[in-house]
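Below is my_file_23.cif, holding mmCIF, N, CA and C atoms.
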data_my_file
loop_
_atom_site.group_PDB
_atom_site.id
_atom_site.type_symbol
_atom_site.label_atom_id
_atom_site.label_comp_id
_atom_site.auth_asym_id
_atom_site.auth_seq_id
_atom_site.Cartn_x
_atom_site.Cartn_y
_atom_site.Cartn_z
ATOM 1 N N MET I 67 14.445 -31.943 -12.305
ATOM 2 C CA MET I 67 13.260 -32.475 -12.930
ATOM 3 C C MET I 67 12.075 -31.595 -12.540
ATOM 4 N N LYS I 68 11.338 -31.184 -13.534
ATOM 5 C CA LYS I 68 10.241 -30.271 -13.248
ATOM 6 C C LYS I 68 8.950 -30.781 -13.870
ATOM 7 N N ASP I 69 7.861 -30.556 -13.177
ATOM 8 C CA ASP I 69 6.528 -30.905 -13.664
ATOM 9 C C ASP I 69 6.440 -32.334 -14.205
ATOM 10 N N LEU I 70 6.883 -33.281 -13.407
ATOM 11 C CA LEU I 70 6.782 -34.677 -13.826
ATOM 12 C C LEU I 70 5.328 -35.119 -13.805
ATOM 13 N N LYS I 71 4.966 -35.944 -14.763
ATOM 14 C CA LYS I 71 3.634 -36.535 -14.832
ATOM 15 C C LYS I 71 3.761 -38.035 -14.626
ATOM 16 N N CYS I 72 2.817 -38.619 -13.965
ATOM 17 C CA CYS I 72 2.793 -40.050 -13.690
ATOM 18 C C CYS I 72 2.651 -40.831 -14.994
ATOM 19 N N ILE I 73 3.434 -41.886 -15.133
ATOM 20 C CA ILE I 73 3.353 -42.716 -16.337
ATOM 21 C C ILE I 73 2.125 -43.622 -16.319
ATOM 22 N N ARG I 74 1.486 -43.773 -15.182
ATOM 23 C CA ARG I 74 0.305 -44.639 -15.075
ATOM 24 C C ARG I 74 -1.001 -43.886 -15.291
ATOM 25 N N CYS I 75 -1.138 -42.701 -14.658
ATOM 26 C CA CYS I 75 -2.428 -42.010 -14.712
ATOM 27 C C CYS I 75 -2.325 -40.558 -15.186
ATOM 28 N N ASN I 76 -1.108 -40.099 -15.481
ATOM 29 C CA ASN I 76 -0.845 -38.723 -15.921
ATOM 30 C C ASN I 76 -1.100 -37.693 -14.819
ATOM 31 N N GLY I 77 -1.131 -38.133 -13.569
ATOM 32 C CA GLY I 77 -1.293 -37.219 -12.444
ATOM 33 C C GLY I 77 0.007 -36.483 -12.141
ATOM 34 N N ASP I 78 -0.075 -35.457 -11.308
ATOM 35 C CA ASP I 78 1.103 -34.687 -10.907
ATOM 36 C C ASP I 78 1.941 -35.481 -9.906
ATOM 37 N N MET I 79 3.271 -35.396 -10.061
ATOM 38 C CA MET I 79 4.205 -36.065 -9.163
ATOM 39 C C MET I 79 4.751 -35.042 -8.174
ATOM 40 N N ILE I 80 4.935 -35.461 -6.903
ATOM 41 C CA ILE I 80 5.557 -34.612 -5.891
ATOM 42 C C ILE I 80 6.874 -35.246 -5.459
ATOM 43 N N LYS I 81 7.869 -34.391 -5.151
ATOM 44 C CA LYS I 81 9.203 -34.864 -4.769
ATOM 45 C C LYS I 81 9.258 -35.112 -3.268
ATOM 46 N N SER I 82 9.936 -36.176 -2.894
ATOM 47 C CA SER I 82 10.169 -36.481 -1.485
ATOM 48 C C SER I 82 11.135 -35.457 -0.896
ATOM 49 N N TYR I 83 10.968 -35.149 0.389
ATOM 50 C CA TYR I 83 11.882 -34.240 1.068
ATOM 51 C C TYR I 83 13.214 -34.914 1.386
ATOM 52 N N ILE I 84 13.203 -36.243 1.446
ATOM 53 C CA ILE I 84 14.403 -36.997 1.823
ATOM 54 C C ILE I 84 14.946 -37.734 0.608
ATOM 55 N N ASP I 85 16.242 -37.544 0.315
ATOM 56 C CA ASP I 85 16.881 -38.275 -0.781
ATOM 57 C C ASP I 85 17.059 -39.730 -0.391
ATOM 58 N N GLY I 86 17.092 -40.587 -1.396
ATOM 59 C CA GLY I 86 17.284 -42.010 -1.167
ATOM 60 C C GLY I 86 18.704 -42.427 -1.507
ATOM 61 N N LYS I 87 18.941 -43.731 -1.468
ATOM 62 C CA LYS I 87 20.262 -44.282 -1.769
ATOM 63 C C LYS I 87 20.069 -45.587 -2.531
ATOM 64 N N PHE I 88 20.802 -45.740 -3.632
ATOM 65 C CA PHE I 88 20.813 -46.988 -4.402
ATOM 66 C C PHE I 88 22.201 -47.577 -4.280
ATOM 67 N N SER I 89 22.285 -48.822 -3.823
ATOM 68 C CA SER I 89 23.582 -49.472 -3.623
ATOM 69 C C SER I 89 23.791 -50.565 -4.652
ATOM 70 N N ALA I 90 25.056 -50.725 -5.067
ATOM 71 C CA ALA I 90 25.402 -51.753 -6.054
ATOM 72 C C ALA I 90 26.877 -52.111 -5.900
ATOM 73 N N VAL I 91 27.311 -53.105 -6.644
ATOM 74 C CA VAL I 91 28.714 -53.507 -6.666
ATOM 75 C C VAL I 91 29.332 -52.957 -7.950
ATOM 76 N N ARG I 92 30.422 -52.200 -7.796
ATOM 77 C CA ARG I 92 31.120 -51.653 -8.956
ATOM 78 C C ARG I 92 31.853 -52.759 -9.700
ATOM 79 N N LYS I 93 32.386 -52.410 -10.866
ATOM 80 C CA LYS I 93 33.133 -53.376 -11.689
ATOM 81 C C LYS I 93 34.362 -53.910 -10.979
ATOM 82 N N ASP I 94 34.923 -53.109 -10.051
ATOM 83 C CA ASP I 94 36.113 -53.559 -9.328
ATOM 84 C C ASP I 94 35.774 -54.333 -8.054
ATOM 85 N N GLY I 95 34.483 -54.636 -7.847
ATOM 86 C CA GLY I 95 34.063 -55.462 -6.727
ATOM 87 C C GLY I 95 33.745 -54.718 -5.444
ATOM 88 N N VAL I 96 33.858 -53.407 -5.434
ATOM 89 C CA VAL I 96 33.601 -52.606 -4.240
ATOM 90 C C VAL I 96 32.116 -52.222 -4.188
ATOM 91 N N TYR I 97 31.521 -52.343 -2.992
ATOM 92 C CA TYR I 97 30.143 -51.895 -2.803
ATOM 93 C C TYR I 97 30.138 -50.371 -2.750
ATOM 94 N N ASP I 98 29.224 -49.767 -3.479
ATOM 95 C CA ASP I 98 29.141 -48.312 -3.528
ATOM 96 C C ASP I 98 27.690 -47.924 -3.774
ATOM 97 N N GLY I 99 27.402 -46.665 -3.813
ATOM 98 C CA GLY I 99 26.027 -46.247 -4.021
ATOM 99 C C GLY I 99 25.915 -44.857 -4.598
ATOM 100 N N VAL I 100 24.713 -44.534 -5.059
ATOM 101 C CA VAL I 100 24.408 -43.209 -5.579
ATOM 102 C C VAL I 100 23.191 -42.660 -4.842
ATOM 103 N N THR I 101 23.117 -41.354 -4.749
ATOM 104 C CA THR I 101 21.970 -40.683 -4.140
ATOM 105 C C THR I 101 20.848 -40.597 -5.170
ATOM 106 N N THR I 102 19.616 -40.752 -4.708
ATOM 107 C CA THR I 102 18.468 -40.733 -5.611
ATOM 108 C C THR I 102 17.416 -39.726 -5.146
ATOM 109 N N ASN I 103 16.606 -39.289 -6.094
ATOM 110 C CA ASN I 103 15.420 -38.486 -5.814
ATOM 111 C C ASN I 103 14.201 -39.366 -6.010
ATOM 112 N N ARG I 104 13.219 -39.230 -5.130
ATOM 113 C CA ARG I 104 11.987 -40.020 -5.235
ATOM 114 C C ARG I 104 10.805 -39.096 -5.484
ATOM 115 N N PHE I 105 9.886 -39.588 -6.308
ATOM 116 C CA PHE I 105 8.678 -38.842 -6.641
ATOM 117 C C PHE I 105 7.477 -39.757 -6.492
ATOM 118 N N MET I 106 6.356 -39.203 -6.012
ATOM 119 C CA MET I 106 5.128 -39.983 -5.860
ATOM 120 C C MET I 106 3.982 -39.256 -6.549
ATOM 121 N N CYS I 107 3.134 -40.027 -7.215
ATOM 122 C CA CYS I 107 1.961 -39.465 -7.866
ATOM 123 C C CYS I 107 0.912 -39.112 -6.808
ATOM 124 N N LYS I 108 0.375 -37.890 -6.893
ATOM 125 C CA LYS I 108 -0.649 -37.450 -5.939
ATOM 126 C C LYS I 108 -1.983 -38.140 -6.181
ATOM 127 N N GLU I 109 -2.193 -38.704 -7.358
ATOM 128 C CA GLU I 109 -3.466 -39.335 -7.699
ATOM 129 C C GLU I 109 -3.504 -40.828 -7.373
ATOM 130 N N CYS I 110 -2.497 -41.584 -7.858
ATOM 131 C CA CYS I 110 -2.563 -43.052 -7.726
ATOM 132 C C CYS I 110 -1.510 -43.650 -6.796
ATOM 133 N N GLY I 111 -0.521 -42.836 -6.346
ATOM 134 C CA GLY I 111 0.490 -43.334 -5.415
ATOM 135 C C GLY I 111 1.692 -43.990 -6.067
ATOM 136 N N HIS I 112 1.741 -44.014 -7.396
ATOM 137 C CA HIS I 112 2.899 -44.595 -8.105
ATOM 138 C C HIS I 112 4.165 -43.857 -7.683
ATOM 139 N N ILE I 113 5.266 -44.605 -7.458
ATOM 140 C CA ILE I 113 6.530 -44.019 -7.021
ATOM 141 C C ILE I 113 7.597 -44.262 -8.078
ATOM 142 N N GLU I 114 8.376 -43.218 -8.368
ATOM 143 C CA GLU I 114 9.513 -43.318 -9.280
ATOM 144 C C GLU I 114 10.747 -42.815 -8.549
ATOM 145 N N GLU I 115 11.906 -43.375 -8.917
ATOM 146 C CA GLU I 115 13.159 -43.003 -8.273
ATOM 147 C C GLU I 115 14.214 -42.798 -9.355
ATOM 148 N N TYR I 116 14.947 -41.686 -9.272
ATOM 149 C CA TYR I 116 15.955 -41.346 -10.266
ATOM 150 C C TYR I 116 17.283 -41.062 -9.587
ATOM 151 N N ALA I 117 18.379 -41.581 -10.159
ATOM 152 C CA ALA I 117 19.713 -41.300 -9.637
ATOM 153 C C ALA I 117 20.086 -39.855 -9.948
ATOM 154 N N ILE I 118 20.648 -39.159 -8.964
ATOM 155 C CA ILE I 118 21.091 -37.783 -9.172
ATOM 156 C C ILE I 118 22.303 -37.772 -10.103
ATOM 157 N N ASN I 119 23.218 -38.717 -9.930
ATOM 158 C CA ASN I 119 24.396 -38.845 -10.786
ATOM 159 C C ASN I 119 24.496 -40.305 -11.232
ATOM 160 N N PRO I 120 23.766 -40.707 -12.280
ATOM 161 C CA PRO I 120 23.698 -42.115 -12.663
ATOM 162 C C PRO I 120 25.027 -42.706 -13.131
ATOM 163 N N LYS I 121 25.982 -41.889 -13.527
ATOM 164 C CA LYS I 121 27.278 -42.394 -14.005
ATOM 165 C C LYS I 121 28.292 -42.558 -12.878
ATOM 166 N N TYR I 122 27.906 -42.221 -11.633
ATOM 167 C CA TYR I 122 28.842 -42.254 -10.500
ATOM 168 C C TYR I 122 29.482 -43.631 -10.318
ATOM 169 N N LEU I 123 28.686 -44.677 -10.307
ATOM 170 C CA LEU I 123 29.240 -46.017 -10.084
ATOM 171 C C LEU I 123 30.199 -46.399 -11.197
ATOM 172 N N GLU I 124 29.840 -46.073 -12.428
ATOM 173 C CA GLU I 124 30.695 -46.400 -13.570
ATOM 174 C C GLU I 124 31.995 -45.598 -13.536
ATOM 175 N N ASN I 125 31.896 -44.307 -13.197
ATOM 176 C CA ASN I 125 33.067 -43.431 -13.207
ATOM 177 C C ASN I 125 34.049 -43.732 -12.086
ATOM 178 N N ASN I 126 33.590 -44.351 -11.014
ATOM 179 C CA ASN I 126 34.473 -44.623 -9.874
ATOM 180 C C ASN I 126 34.983 -46.051 -9.842
ATOM 181 N N SER I 127 34.798 -46.788 -10.901
ATOM 182 C CA SER I 127 35.340 -48.149 -10.938
ATOM 183 C C SER I 127 36.560 -48.176 -11.830
ATOM 184 N N LYS I 128 37.468 -49.087 -11.520
ATOM 185 C CA LYS I 128 38.662 -49.236 -12.347
ATOM 186 C C LYS I 128 38.300 -49.988 -13.607
ATOM 187 N N LYS I 129 38.781 -49.503 -14.724
ATOM 188 C CA LYS I 129 38.469 -50.141 -16.004
ATOM 189 C C LYS I 129 39.649 -50.887 -16.549
#
Have the structure of the file written as structure tokens, please.
Amino acid sequence: MKDLKCIRCNGDMIKSYIDGKFSAVRKDGVYDGVTTNRFMCKECGHIEEYAINPKYLENNSKK
């Protein structure tokens, strides 16, 4: 992701140095998670978080 703009004030977003983690329960009942990137607006402080591999939980569950 490059040159993200804040959805609230159109300010520049900066990326966190530390990746985050989003945890959920897969379709097969197992707790699992995906790694996320976090961004913060330099102007208003709004924070956004995006999954690096959003299909991971879906792809690792039994169908």
Can you tell me, as a ChimeraX atom specification, what residues are no more than 8 Å from Cys72 (chain I) when counting all atoms listed in the file, ignoring any on the same chain fewer than 5 positions away?
-> /I:77-79,106-108,112
DSSP strand (DSSP E or B) selection over region 73-119 of chain I, as number ranges by chain = I: 78-81, 86-91, 97-107, 113-117
Write out as a PyMOL selection string all residues of chain I that DSSP puts in alpha helix (DSSP H) for this structure's backbone.
-> chain I and resi 122-125
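What separates CA of Gly86 (chain I) from CA of Ile73 (chain I) is a distance of 20.6 Å.
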CA of Glu115 (chain I) to CA of Gly95 (chain I), distance in Å rounded to a single decimal |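 Taking CA of Glu115 (chain I) as the start and CA of Gly95 (chain I) as the end point, the length is 24.4 Å.
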Taking the file above as input, evaluate the PyMOL selection byres ((chain I and resi 118) around 5) and report the hits as a PDB file with N, CA and C atoms, in the frame of the given file.
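Produced file selection.pdb, reproduced below:
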ATOM      1  N   THR I 101      23.117 -41.354  -4.749  1.00  0.00           N
ATOM      2  CA  THR I 101      21.970 -40.683  -4.140  1.00  0.00           C
ATOM      3  C   THR I 101      20.848 -40.597  -5.170  1.00  0.00           C
ATOM      4  N   THR I 102      19.616 -40.752  -4.708  1.00  0.00           N
ATOM      5  CA  THR I 102      18.468 -40.733  -5.611  1.00  0.00           C
ATOM      6  C   THR I 102      17.416 -39.726  -5.146  1.00  0.00           C
ATOM      7  N   ASN I 103      16.606 -39.289  -6.094  1.00  0.00           N
ATOM      8  CA  ASN I 103      15.420 -38.486  -5.814  1.00  0.00           C
ATOM      9  C   ASN I 103      14.201 -39.366  -6.010  1.00  0.00           C
ATOM     10  N   TYR I 116      14.947 -41.686  -9.272  1.00  0.00           N
ATOM     11  CA  TYR I 116      15.955 -41.346 -10.266  1.00  0.00           C
ATOM     12  C   TYR I 116      17.283 -41.062  -9.587  1.00  0.00           C
ATOM     13  N   ALA I 117      18.379 -41.581 -10.159  1.00  0.00           N
ATOM     14  CA  ALA I 117      19.713 -41.300  -9.637  1.00  0.00           C
ATOM     15  C   ALA I 117      20.086 -39.855  -9.948  1.00  0.00           C
ATOM     16  N   ASN I 119      23.218 -38.717  -9.930  1.00  0.00           N
ATOM     17  CA  ASN I 119      24.396 -38.845 -10.786  1.00  0.00           C
ATOM     18  C   ASN I 119      24.496 -40.305 -11.232  1.00  0.00           C
ATOM     19  N   PRO I 120      23.766 -40.707 -12.280  1.00  0.00           N
ATOM     20  CA  PRO I 120      23.698 -42.115 -12.663  1.00  0.00           C
ATOM     21  C   PRO I 120      25.027 -42.706 -13.131  1.00  0.00           C
TER      22      PRO I 120
END
